[in-house]
file structure00.cif (mmCIF, C-alpha atoms)
data_input
loop_
_atom_site.label_atom_id
_atom_site.label_comp_id
_atom_site.auth_asym_id
_atom_site.auth_seq_id
_atom_site.Cartn_x
_atom_site.Cartn_y
_atom_site.Cartn_z
CA MET F 1 -4.01 40.07 11.43
CA ALA F 2 -2.71 40.15 7.86
CA ALA F 3 -3.32 36.44 7.55
CA LEU F 4 -6.99 36.87 8.45
CA SER F 5 -7.51 39.37 5.65
CA LYS F 6 -6.31 36.99 2.94
CA SER F 7 -8.74 35.51 0.44
CA ILE F 8 -8.45 32.20 -1.39
CA PRO F 9 -9.77 31.38 -4.86
CA HIS F 10 -11.07 27.90 -4.05
CA SER F 11 -14.75 26.95 -4.21
CA CYS F 12 -16.77 25.31 -1.41
CA TYR F 13 -16.27 21.93 -3.16
CA GLU F 14 -12.48 22.30 -3.03
CA ILE F 15 -12.49 23.16 0.69
CA GLY F 16 -15.67 21.84 2.32
CA HIS F 17 -17.60 18.97 0.76
CA THR F 18 -14.64 17.37 -1.04
CA TRP F 19 -16.43 14.00 -1.25
CA HIS F 20 -19.04 15.27 -3.76
CA PRO F 21 -19.10 18.31 -6.09
CA SER F 22 -22.82 19.02 -5.59
CA CYS F 23 -23.73 21.28 -2.68
CA GLY F 24 -27.27 19.88 -2.54
CA VAL F 25 -26.19 16.25 -2.50
CA SER F 26 -23.55 16.98 0.15
CA PHE F 27 -26.13 18.77 2.28
CA LEU F 28 -28.51 15.79 2.07
CA GLN F 29 -25.73 13.33 2.92
CA ILE F 30 -24.72 15.36 5.98
CA THR F 31 -28.38 15.69 7.01
CA ARG F 32 -28.99 11.95 6.73
CA GLY F 33 -25.86 11.07 8.72
CA ALA F 34 -26.61 13.67 11.40
CA LEU F 35 -30.22 12.50 11.71
CA GLU F 36 -29.17 8.86 12.12
CA GLU F 37 -26.67 9.74 14.84
CA SER F 38 -29.15 12.07 16.57
CA LEU F 39 -31.82 9.36 16.72
CA ARG F 40 -29.23 6.87 17.97
CA ILE F 41 -28.46 9.29 20.83
CA TYR F 42 -31.94 10.51 21.75
CA ILE F 43 -34.10 7.38 21.42
CA PRO F 44 -32.41 5.45 24.27
CA LEU F 45 -31.93 8.68 26.24
CA TYR F 46 -35.64 9.56 26.25
CA LEU F 47 -36.71 5.95 26.82
CA ILE F 48 -34.46 5.58 29.87
CA ALA F 49 -35.60 8.95 31.22
CA ALA F 50 -39.26 7.97 30.75
CA ILE F 51 -38.75 4.66 32.54
CA LEU F 52 -36.89 6.27 35.46
CA ARG F 53 -39.60 8.94 35.81
CA LYS F 54 -42.31 6.24 35.66
CA ARG F 55 -44.19 7.92 32.85
CA LYS F 56 -47.73 6.77 32.12
CA LEU F 57 -48.88 5.08 28.90
CA ASP F 58 -50.27 8.38 27.58
CA TYR F 59 -46.74 9.82 27.49
CA TYR F 60 -45.42 6.94 25.37
CA LEU F 61 -48.35 7.20 22.96
CA HIS F 62 -48.56 10.96 22.44
CA ARG F 63 -45.46 12.78 23.71
CA LEU F 64 -42.42 10.51 23.48
CA LEU F 65 -42.05 10.51 19.68
CA PRO F 66 -42.53 14.30 19.24
CA GLU F 67 -39.94 15.01 21.94
CA ILE F 68 -37.42 12.64 20.35
CA LEU F 69 -37.97 14.17 16.89
CA GLN F 70 -37.72 17.70 18.26
CA SER F 71 -34.34 17.05 19.92
CA ALA F 72 -33.07 15.01 16.97
CA SER F 73 -34.02 17.70 14.45
CA PHE F 74 -32.31 20.33 16.60
CA LEU F 75 -29.04 18.38 16.67
CA THR F 76 -29.34 17.49 12.96
CA ALA F 77 -29.72 21.16 12.08
CA ASN F 78 -26.42 21.95 13.80
CA GLY F 79 -24.48 19.73 11.41
CA ALA F 80 -26.57 20.13 8.25
CA LEU F 81 -27.10 23.90 8.30
CA TYR F 82 -23.41 24.52 8.97
CA MET F 83 -22.57 22.86 5.65
CA ALA F 84 -25.45 24.67 3.92
CA PHE F 85 -24.31 28.11 5.06
CA PHE F 86 -20.70 27.18 4.39
CA CYS F 87 -21.66 26.86 0.73
CA ILE F 88 -23.90 29.97 0.77
CA LEU F 89 -21.22 32.16 2.32
CA ARG F 90 -18.58 30.91 -0.12
CA ARG F 91 -20.98 31.98 -2.81
CA GLY F 92 -21.91 35.28 -1.45
CA LEU F 93 -30.95 24.35 25.66
CA LEU F 94 -27.33 22.94 25.43
CA THR F 95 -26.47 26.55 26.04
CA ILE F 96 -24.32 26.01 29.13
CA TYR F 97 -22.49 23.06 27.60
CA MET F 98 -21.72 24.94 24.39
CA ALA F 99 -20.73 28.10 26.29
CA ASN F 100 -18.41 26.02 28.43
CA LEU F 101 -16.97 24.30 25.35
CA ALA F 102 -16.54 27.62 23.53
CA THR F 103 -14.79 29.18 26.53
CA GLU F 104 -12.41 26.23 26.75
CA THR F 105 -11.78 26.46 22.98
CA LEU F 106 -11.02 30.19 23.20
CA PHE F 107 -8.65 29.48 26.08
CA ARG F 108 -6.82 26.85 24.02
CA MET F 109 -6.62 29.28 21.11
CA GLY F 110 -5.11 31.92 23.37
CA VAL F 111 -2.53 29.46 24.70
CA ALA F 112 -1.63 28.36 21.16
CA ARG F 113 -1.10 31.99 20.15
CA GLY F 114 0.92 32.82 23.26
CA THR F 115 -1.53 35.46 24.48
CA ILE F 116 -2.52 33.39 27.54
CA THR F 117 -0.11 31.76 29.97
CA THR F 118 -1.22 28.48 31.49
CA LEU F 119 -1.31 28.09 35.27
CA LYS F 120 -0.13 24.81 36.73
CA ASN F 121 -3.11 22.93 38.22
CA GLY F 122 -5.33 25.78 37.05
CA GLU F 123 -8.32 23.46 36.72
CA VAL F 124 -7.91 22.49 40.38
CA LEU F 125 -7.80 26.14 41.49
CA LEU F 126 -10.90 26.91 39.41
CA PHE F 127 -12.69 23.94 40.97
CA CYS F 128 -11.69 25.10 44.49
CA ILE F 129 -13.20 28.55 43.89
CA THR F 130 -16.33 27.07 42.29
CA ALA F 131 -16.76 24.52 45.09
CA ALA F 132 -16.40 27.26 47.71
CA MET F 133 -19.21 29.28 46.14
CA TYR F 134 -21.45 26.28 45.53
CA MET F 135 -21.12 25.05 49.11
CA PHE F 136 -21.83 28.54 50.45
CA PHE F 137 -25.06 28.72 48.43
CA PHE F 138 -25.89 25.19 49.54
CA ARG F 139 -25.62 26.22 53.20
CA CYS F 140 -27.65 29.42 52.71
CA LYS F 141 -31.44 29.32 52.88
CA ASP F 142 -32.86 29.27 49.32
CA GLY F 143 -29.31 29.51 48.02
CA LEU F 144 -29.65 26.60 45.59
CA LYS F 145 -32.72 24.97 44.14
CA GLY F 146 -33.62 22.00 41.99
CA PHE F 147 -31.05 19.53 40.77
CA SER F 148 -28.01 21.41 42.12
CA PHE F 149 -29.36 21.34 45.67
CA SER F 150 -30.42 17.68 45.42
CA ALA F 151 -27.04 16.63 44.02
CA LEU F 152 -25.07 18.38 46.78
CA ARG F 153 -27.40 17.01 49.44
CA PHE F 154 -26.71 13.52 48.11
CA ILE F 155 -22.94 14.12 48.06
CA VAL F 156 -22.34 15.82 51.42
CA GLY F 157 -25.48 14.72 53.25
CA LYS F 158 -28.42 16.53 54.83
CA GLU F 159 -26.45 16.97 58.07
CA GLU F 160 -24.71 20.00 56.54
CA ILE F 161 -27.95 21.83 55.78
CA PRO F 162 -28.53 24.51 58.49
CA THR F 163 -32.33 24.08 58.42
CA HIS F 164 -32.09 20.42 59.37
CA SER F 165 -35.51 18.93 59.97
CA TYR F 166 -34.46 16.92 63.05
CA SER F 167 -34.09 18.51 66.43
CA PRO F 168 -31.38 16.98 68.67
CA GLU F 169 -33.96 15.45 70.98
CA THR F 170 -35.92 13.86 68.14
CA ALA F 171 -32.76 12.64 66.48
CA TYR F 172 -31.47 11.03 69.68
CA ALA F 173 -34.83 9.36 70.24
CA LYS F 174 -34.79 7.92 66.72
CA VAL F 175 -31.19 6.75 67.13
CA GLU F 176 -32.02 4.98 70.40
CA GLN F 177 -35.13 3.39 68.89
CA LYS F 178 -33.13 2.25 65.86
CA THR F 179 -30.43 0.78 68.11
CA GLU F 180 -32.96 -1.17 70.16
CA GLU F 181 -34.57 -2.58 67.00
CA GLN F 182 -31.17 -3.62 65.65
CA GLU F 183 -30.27 -5.32 68.94
CA GLU F 184 -33.54 -7.27 68.86
CA LYS F 185 -32.92 -8.44 65.29
CA ALA F 186 -29.28 -9.17 65.97
CA ARG F 187 -29.91 -11.74 68.73
CA GLY F 188 -28.86 -15.16 67.57
CA ARG F 189 -26.20 -13.74 65.23
CA ASN F 190 -23.47 -13.34 67.79
CA ILE F 191 -20.48 -12.36 65.63
CA ILE F 192 -22.38 -9.96 63.38
CA ALA F 193 -24.17 -8.45 66.35
CA LEU F 194 -20.94 -8.03 68.26
CA VAL F 195 -19.19 -6.29 65.34
CA ARG F 196 -22.18 -4.01 64.74
CA LYS F 197 -22.39 -3.12 68.42
CA LEU F 198 -18.67 -2.38 68.50
CA VAL F 199 -18.88 -0.11 65.44
CA ASP F 200 -21.92 1.69 66.84
CA SER F 201 -20.22 2.27 70.16
CA ILE F 202 -17.10 3.64 68.46
CA CYS F 203 -19.17 5.95 66.25
CA LYS F 204 -21.38 7.30 69.01
CA HIS F 205 -18.88 7.64 71.83
CA GLY F 206 -16.45 10.28 70.69
CA PRO F 207 -15.98 14.00 70.13
CA ARG F 208 -19.01 15.72 68.61
CA HIS F 209 -19.64 19.44 68.90
CA ARG F 210 -23.04 20.58 70.11
CA CYS F 211 -23.57 22.42 66.76
CA CYS F 212 -22.86 19.32 64.68
CA LYS F 213 -26.01 17.67 63.34
CA HIS F 214 -24.53 14.21 62.68
CA TYR F 215 -26.22 12.80 65.78
CA GLU F 216 -25.48 9.16 64.98
CA ASP F 217 -21.70 9.66 64.67
CA ASN F 218 -18.87 11.50 66.31
CA CYS F 219 -16.90 13.90 64.12
CA ILE F 220 -14.17 11.38 63.26
CA SER F 221 -16.46 8.52 62.19
CA TYR F 222 -18.65 11.07 60.39
CA CYS F 223 -15.75 11.99 58.09
CA ILE F 224 -14.59 8.40 57.62
CA LYS F 225 -18.09 7.19 56.72
CA GLY F 226 -18.45 10.06 54.26
CA PHE F 227 -15.22 9.07 52.52
CA ILE F 228 -16.16 5.38 52.28
CA ARG F 229 -19.63 6.12 50.95
CA MET F 230 -18.61 8.52 48.19
CA PHE F 231 -15.50 6.51 47.30
CA SER F 232 -17.84 3.58 46.63
CA VAL F 233 -20.16 5.78 44.55
CA GLY F 234 -17.28 7.14 42.44
CA TYR F 235 -15.79 3.68 41.94
CA LEU F 236 -19.15 2.24 40.82
CA ILE F 237 -19.88 5.17 38.48
CA GLN F 238 -16.58 4.68 36.67
CA CYS F 239 -17.17 0.93 36.49
CA CYS F 240 -20.60 1.46 34.94
CA LEU F 241 -19.18 3.84 32.36
CA ARG F 242 -16.71 1.18 31.25
CA ILE F 243 -19.21 -1.69 31.08
CA PRO F 244 -20.28 -1.16 27.40
CA SER F 245 -16.71 -1.19 26.07
CA ALA F 246 -15.77 -4.15 28.28
CA PHE F 247 -18.68 -6.30 27.08
CA ARG F 248 -17.98 -5.47 23.43
CA HIS F 249 -14.66 -7.29 23.83
CA LEU F 250 -16.01 -10.01 26.12
CA PHE F 251 -15.48 -12.85 23.63
CA THR F 252 -12.43 -11.53 21.75
CA GLN F 253 -10.51 -10.28 24.82
CA PRO F 254 -12.00 -11.80 28.01
CA SER F 255 -9.12 -10.41 30.09
CA ARG F 256 -10.49 -6.89 29.55
CA LEU F 257 -13.41 -7.75 31.82
CA LEU F 258 -11.04 -7.79 34.80
CA SER F 259 -9.79 -4.31 33.92
CA LEU F 260 -13.35 -3.15 34.52
CA PHE F 261 -12.77 -3.54 38.26
CA TYR F 262 -9.05 -2.78 38.54
CA ASN F 263 -8.83 0.25 36.27
CA LYS F 264 -6.88 3.16 37.73
CA GLU F 265 -9.60 5.69 36.82
CA ASN F 266 -12.09 3.83 39.03
CA PHE F 267 -9.96 4.50 42.09
CA GLN F 268 -9.12 8.05 41.00
CA LEU F 269 -12.78 9.08 40.73
CA GLY F 270 -13.52 7.31 44.01
CA ALA F 271 -10.64 9.09 45.73
CA PHE F 272 -11.79 12.41 44.29
CA LEU F 273 -15.38 12.15 45.53
CA GLY F 274 -14.47 10.46 48.81
CA SER F 275 -11.79 12.97 49.76
CA PHE F 276 -14.00 15.90 48.70
CA VAL F 277 -16.70 14.85 51.15
CA SER F 278 -14.35 13.92 53.99
CA ILE F 279 -12.34 17.16 53.70
CA TYR F 280 -15.50 19.25 53.55
CA LYS F 281 -17.07 17.51 56.55
CA GLY F 282 -13.81 17.49 58.50
CA THR F 283 -13.20 21.20 57.92
CA SER F 284 -16.80 22.06 58.83
CA CYS F 285 -16.55 20.13 62.10
CA PHE F 286 -13.17 21.70 62.89
CA LEU F 287 -14.52 25.23 62.35
CA ARG F 288 -17.52 24.48 64.58
CA TRP F 289 -15.16 23.39 67.35
CA VAL F 290 -12.87 26.41 66.89
CA ARG F 291 -15.57 29.10 66.63
CA ASN F 292 -18.15 27.33 68.82
CA LEU F 293 -20.94 28.07 66.34
CA ASP F 294 -22.33 26.89 63.01
CA ASP F 295 -22.01 29.50 60.26
CA GLU F 296 -22.73 29.49 56.52
CA LEU F 297 -19.38 31.19 55.96
CA HIS F 298 -17.66 27.98 57.09
CA ALA F 299 -18.80 26.46 53.80
CA ILE F 300 -16.58 28.83 51.80
CA ILE F 301 -13.42 27.65 53.58
CA ALA F 302 -14.52 24.00 53.70
CA GLY F 303 -15.58 24.02 50.03
CA PHE F 304 -12.31 25.62 48.89
CA LEU F 305 -10.18 23.10 50.79
CA ALA F 306 -12.36 20.22 49.61
CA GLY F 307 -11.73 21.34 46.02
CA VAL F 308 -8.09 20.28 46.37
CA SER F 309 -9.42 16.72 46.06
CA MET F 310 -9.50 17.24 42.29
CA MET F 311 -5.77 16.51 42.35
CA PHE F 312 -6.87 12.85 42.32
CA TYR F 313 -9.01 13.30 39.19
CA LYS F 314 -7.96 16.37 37.22
CA SER F 315 -10.60 17.41 34.71
CA THR F 316 -10.77 20.70 32.87
CA THR F 317 -14.20 19.68 31.57
CA ILE F 318 -15.69 19.28 35.06
CA SER F 319 -14.13 22.52 36.33
CA MET F 320 -15.27 24.56 33.33
CA TYR F 321 -18.78 23.12 33.33
CA LEU F 322 -19.34 23.74 37.05
CA ALA F 323 -17.90 27.25 36.71
CA SER F 324 -20.31 27.93 33.81
CA LYS F 325 -23.24 26.66 35.87
CA LEU F 326 -22.12 28.87 38.76
CA VAL F 327 -22.11 31.94 36.49
CA GLU F 328 -25.61 30.98 35.36
CA THR F 329 -26.74 30.65 38.99
CA LEU F 330 -25.27 34.05 39.89
CA TYR F 331 -26.91 35.63 36.86
CA PHE F 332 -30.38 34.36 37.77
CA LYS F 333 -29.87 35.37 41.39
CA GLY F 334 -29.01 38.84 40.15
CA ILE F 335 -32.22 38.93 38.12
CA GLU F 336 -34.28 37.83 41.16
CA ALA F 337 -32.65 40.56 43.26
CA GLY F 338 -33.25 43.16 40.56
CA LYS F 339 -29.53 43.88 40.24
CA VAL F 340 -29.05 42.44 36.74
CA PRO F 341 -31.27 43.06 33.71
CA TYR F 342 -33.02 40.17 32.00
CA PHE F 343 -32.13 39.65 28.34
CA PRO F 344 -34.83 37.88 26.30
CA HIS F 345 -33.55 34.92 24.24
CA ALA F 346 -30.10 35.27 25.83
CA ASP F 347 -29.71 31.48 25.87
CA THR F 348 -30.29 31.32 22.09
CA VAL F 349 -27.75 34.07 21.42
CA ILE F 350 -25.13 32.49 23.71
CA TYR F 351 -25.70 29.08 22.11
CA SER F 352 -25.36 30.53 18.59
CA ILE F 353 -22.13 32.36 19.41
CA SER F 354 -20.69 29.33 21.22
CA THR F 355 -21.55 27.00 18.33
CA ALA F 356 -19.94 29.42 15.87
CA ILE F 357 -16.71 29.45 17.90
CA CYS F 358 -16.59 25.65 18.19
CA PHE F 359 -17.35 25.03 14.50
CA GLN F 360 -14.78 27.65 13.52
CA ALA F 361 -12.19 25.78 15.58
CA ALA F 362 -13.32 22.45 14.09
CA VAL F 363 -12.42 23.76 10.64
CA MET F 364 -9.52 26.11 11.23
CA GLU F 365 -7.71 24.65 14.28
CA VAL F 366 -8.88 21.21 15.37
CA GLN F 367 -5.92 20.91 17.73
CA ASN F 368 -7.54 23.52 19.99
CA LEU F 369 -10.93 21.77 20.15
CA ARG F 370 -11.85 19.40 22.95
CA PRO F 371 -11.04 15.88 21.63
CA SER F 372 -14.34 14.39 22.80
CA TYR F 373 -16.32 17.06 20.92
CA TRP F 374 -14.26 16.48 17.77
CA LYS F 375 -15.09 12.76 17.93
CA PHE F 376 -18.75 13.68 18.35
CA LEU F 377 -18.64 15.87 15.23
CA LEU F 378 -17.08 13.01 13.28
CA ARG F 379 -19.91 10.69 14.37
CA LEU F 380 -22.51 13.33 13.57
CA THR F 381 -21.20 13.82 10.01
CA LYS F 382 -20.15 10.20 9.37
CA GLY F 383 -16.50 11.26 9.30
CA ARG F 384 -16.97 13.94 6.62
CA PHE F 385 -15.70 16.74 8.87
CA ALA F 386 -12.25 15.15 8.60
CA VAL F 387 -12.13 15.21 4.78
CA MET F 388 -12.21 18.98 4.38
CA ASN F 389 -9.28 20.38 2.41
CA ARG F 390 -7.57 22.14 5.29
CA LYS F 391 -4.21 22.57 3.52
CA VAL F 392 -5.55 25.52 1.52
CA LEU F 393 -6.61 27.12 4.81
CA ASP F 394 -3.05 27.17 6.20
CA VAL F 395 -2.57 30.64 4.66
CA PHE F 396 -4.59 32.03 7.57
CA GLY F 397 -1.88 30.95 10.02
CA THR F 398 -4.01 28.79 12.34
CA GLY F 399 -2.36 25.47 11.51
CA ALA F 400 -5.58 24.11 10.02
CA SER F 401 -3.89 21.03 8.50
CA LYS F 402 -1.71 20.26 11.53
CA HIS F 403 -3.49 16.95 12.19
CA PHE F 404 -4.20 16.25 8.51
CA GLN F 405 -0.77 16.46 6.92
CA ASP F 406 -1.19 13.21 4.97
CA PHE F 407 -4.68 13.94 3.64
CA ILE F 408 -5.11 15.19 0.07
CA PRO F 409 -8.67 15.14 -1.31
CA ARG F 410 -9.31 13.59 -4.71
CA LEU F 411 -11.23 16.26 -6.62
CA ASP F 412 -13.00 16.32 -9.97
CA PRO F 413 -11.14 18.95 -12.05
CA ARG F 414 -14.35 19.76 -13.96
CA TYR F 415 -15.76 21.42 -10.84
CA THR F 416 -12.66 23.16 -9.43
CA THR F 417 -11.37 26.68 -9.94
CA VAL F 418 -7.78 25.69 -9.17
CA THR F 419 -6.04 22.62 -10.60
CA PRO F 420 -6.34 19.96 -7.86
CA GLU F 421 -3.22 18.41 -6.39
CA LEU F 422 -4.74 14.93 -6.67
CA PRO F 423 -7.34 14.95 -9.47
CA ILE F 424 -9.81 12.16 -10.15
CA GLU F 425 -8.69 10.24 -13.23
CA PHE F 426 -11.33 9.28 -15.79
CA SER F 427 -10.87 6.23 -17.99
#
call {"tool": "encode", "arguments": {"input": "structure00.cif", "output": "structure tokens"}}
result
Amino acid sequence: MAALSKSIPHSCYEIGHTWHPSCGVSFLQITRGALEESLRIYIPLYLIAAILRKRKLDYYLHRLLPEILQSASFLTANGALYMAFFCILRRGLLTIYMANLATETLFRMGVARGTITTLKNGEVLLFCITAAMYMFFFRCKDGLKGFSFSALRFIVGKEEIPTHSYSPETAYAKVEQKTEEQEEKARGRNIIALVRKLVDSICKHGPRHRCCKHYEDNCISYCIKGFIRMFSVGYLIQCCLRIPSAFRHLFTQPSRLLSLFYNKENFQLGAFLGSFVSIYKGTSCFLRWVRNLDDELHAIIAGFLAGVSMMFYKSTTISMYLASKLVETLYFKGIEAGKVPYFPHADTVIYSISTAICFQAAVMEVQNLRPSYWKFLLRLTKGRFAVMNRKVLDVFGTGASKHFQDFIPRLDPRYTTVTPELPIEFS
């Protein structure tokens, strides 16, 4: 605590904007760099979203540009105003993401200070608990709404929703009709028809509990199909994420194009999603056989066991984000039930506090900040966040210069209060 009470005689130029002695010029340079990066992020983002949502011409003419500028100015203000208030103080909805990032940063700070002990595979345990709660809400009527419900329905399938729209009789009728149509189309293609008929017979003739709603498959093929489907989705997602970097090196390093398909992370994400679905479905079927009924409480056990699949693709970011979203869901459910009070502008307050924590870490202890967010800050400020004079901040005991041991800013002695270690020489 003694270290935190220390004061240092250096000006904002000697610590913060070491590239230029003028606060105003530095502020404008940061603003320009942040605005360029913000537009580079939001222009393609809004255009792709508009195309996918099939927006009409009126949207492109009257609403697209204002929305882009609004988001860009918001992100620009984060970088520019931080530098502005940095100077002022020396002289005298991204809410969930930032809250998640701030929580992770505080956790890293606690570990670095020895006040928090890490738990082996802690991110997996957190994901298991989160998955258990999410799947329970998914199975409950009106438990989840909007994107969360749609995403889980896509992942695990509509067969696991209790209020399934198909009755067994209707489902069987549709299955039979579909089979007859396939047999008609398959005539003349002997090998393909034979294989398809064999697969269908294997899938349909097998153990299936009367409470199970996967009418086209038995319980075994139901789990296997779920694994194959989501493994393919995970594999393709990871491939798509690597396409930009692979094509950038297409002509200089053509061999990198092959790594697009054989990269280990492709199979890890596929195994994660595939095993999550198959374990969840398998456990749900097993519990229906054991208890001879279909119960929403089964989702808690099935979701928790399915969470173990994160062993294939460990990610603190995913675990923390989903846990943050779960807290948000619980909070709003509490408001709807009248159990929790509603706080006006709570999202703004949480975002402000979270941003303060993350920017504090970015200056005082970069080693405890999420690496991807640090790279984002460097892009946002055109690398200027890395040229702060962190060596003079080491007196506070946070290891501010740990990753910047070799950096010494060249300062103009005419504008410094302390003789600089590496002054600018004038001819």
call {"tool": "closest_residue", "arguments": {"input": "structure00.cif", "among": "F:Val395, F:Val156, F:Leu257, F:Ala361", "to": "F:Arg108", "atoms": "only C-alpha atoms"}}
result
F:Ala361
call {"tool": "residues_around", "arguments": {"input": "structure00.cif", "residues": "F:Leu297", "least_positions_apart": "2", "cutoff": "12 Å", "atoms": "only C-alpha atoms", "output": "PyMOL selection string"}}
result
chain F and resi 132-140+162+283-284+287-288+291+293-295+299-304
call {"tool": "residues_around", "arguments": {"input": "structure00.cif", "residues": "F:Phe107", "least_positions_apart": "2", "cutoff": "12 Å", "atoms": "only C-alpha atoms", "output": "number ranges by chain"}}
result
F: 100-105, 109-119, 316, 320, 357-358, 361, 368-370
call {"tool": "write_last_selection", "arguments": {"input": "structure00.cif", "atoms": "C-alpha atoms", "output": "mmCIF file, in the coordinates of the input"}}
result
data_model
loop_
_atom_site.group_PDB
_atom_site.id
_atom_site.type_symbol
_atom_site.label_atom_id
_atom_site.label_comp_id
_atom_site.auth_asym_id
_atom_site.auth_seq_id
_atom_site.Cartn_x
_atom_site.Cartn_y
_atom_site.Cartn_z
ATOM 1 C CA ASN F 100 -18.410 26.020 28.430
ATOM 2 C CA LEU F 101 -16.970 24.300 25.350
ATOM 3 C CA ALA F 102 -16.540 27.620 23.530
ATOM 4 C CA THR F 103 -14.790 29.180 26.530
ATOM 5 C CA GLU F 104 -12.410 26.230 26.750
ATOM 6 C CA THR F 105 -11.780 26.460 22.980
ATOM 7 C CA MET F 109 -6.620 29.280 21.110
ATOM 8 C CA GLY F 110 -5.110 31.920 23.370
ATOM 9 C CA VAL F 111 -2.530 29.460 24.700
ATOM 10 C CA ALA F 112 -1.630 28.360 21.160
ATOM 11 C CA ARG F 113 -1.100 31.990 20.150
ATOM 12 C CA GLY F 114 0.920 32.820 23.260
ATOM 13 C CA THR F 115 -1.530 35.460 24.480
ATOM 14 C CA ILE F 116 -2.520 33.390 27.540
ATOM 15 C CA THR F 117 -0.110 31.760 29.970
ATOM 16 C CA THR F 118 -1.220 28.480 31.490
ATOM 17 C CA LEU F 119 -1.310 28.090 35.270
ATOM 18 C CA THR F 316 -10.770 20.700 32.870
ATOM 19 C CA MET F 320 -15.270 24.560 33.330
ATOM 20 C CA ILE F 357 -16.710 29.450 17.900
ATOM 21 C CA CYS F 358 -16.590 25.650 18.190
ATOM 22 C CA ALA F 361 -12.190 25.780 15.580
ATOM 23 C CA ASN F 368 -7.540 23.520 19.990
ATOM 24 C CA LEU F 369 -10.930 21.770 20.150
ATOM 25 C CA ARG F 370 -11.850 19.400 22.950
#
call {"tool": "resolve_selection", "arguments": {"input": "structure00.cif", "expression": "the PyMOL selection byres ((chain F and resi 377-388) around 10)", "output": "PyMOL selection string"}}
result
chain F and resi 12-19+26+29-38+75-76+78-80+83+359+362-363+366+371-376+389-393+401+403-404+407-409
call {"tool": "closest_residue", "arguments": {"input": "structure00.cif", "among": "F:Ala99, F:Leu241, F:His10, F:Thr398", "to": "F:Leu411", "atoms": "all atoms listed in the file"}}
result
F:His10
call {"tool": "atom_distance", "arguments": {"input": "structure00.cif", "atom1": "atom CA of F:Leu126", "atom2": "atom CA of F:Tyr313"}}
result
13.7 Å
call {"tool": "residues_around", "arguments": {"input": "structure00.cif", "residues": "stretch 339-353 of chain F", "least_positions_apart": "6", "cutoff": "10 Å", "atoms": "all atoms listed in the file", "output": "list of chain:residue names"}}
result
F:Asn78, F:Leu93, F:Leu94, F:Thr95, F:Ile96, F:Tyr97, F:Met98, F:Ala99, F:Ala102, F:Leu330, F:Tyr331, F:Phe332, F:Lys333
call {"tool": "residues_around", "arguments": {"input": "structure00.cif", "residues": "stretch 44-52 of chain F", "least_positions_apart": "2", "cutoff": "10 Å", "atoms": "all atoms listed in the file", "output": "list in words"}}
result
Leu39, Arg40, Ile41, Tyr42, Lys54, Arg55, Lys56, Tyr59, Tyr60, Leu64, Leu65, Glu67, Ile68 and Ser71 of chain F
call {"tool": "closest_residue", "arguments": {"input": "structure00.cif", "among": "F:Trp289, F:Phe127, F:Phe27, F:Phe312", "to": "F:Ser275", "atoms": "only C-alpha atoms"}}
result
F:Phe312
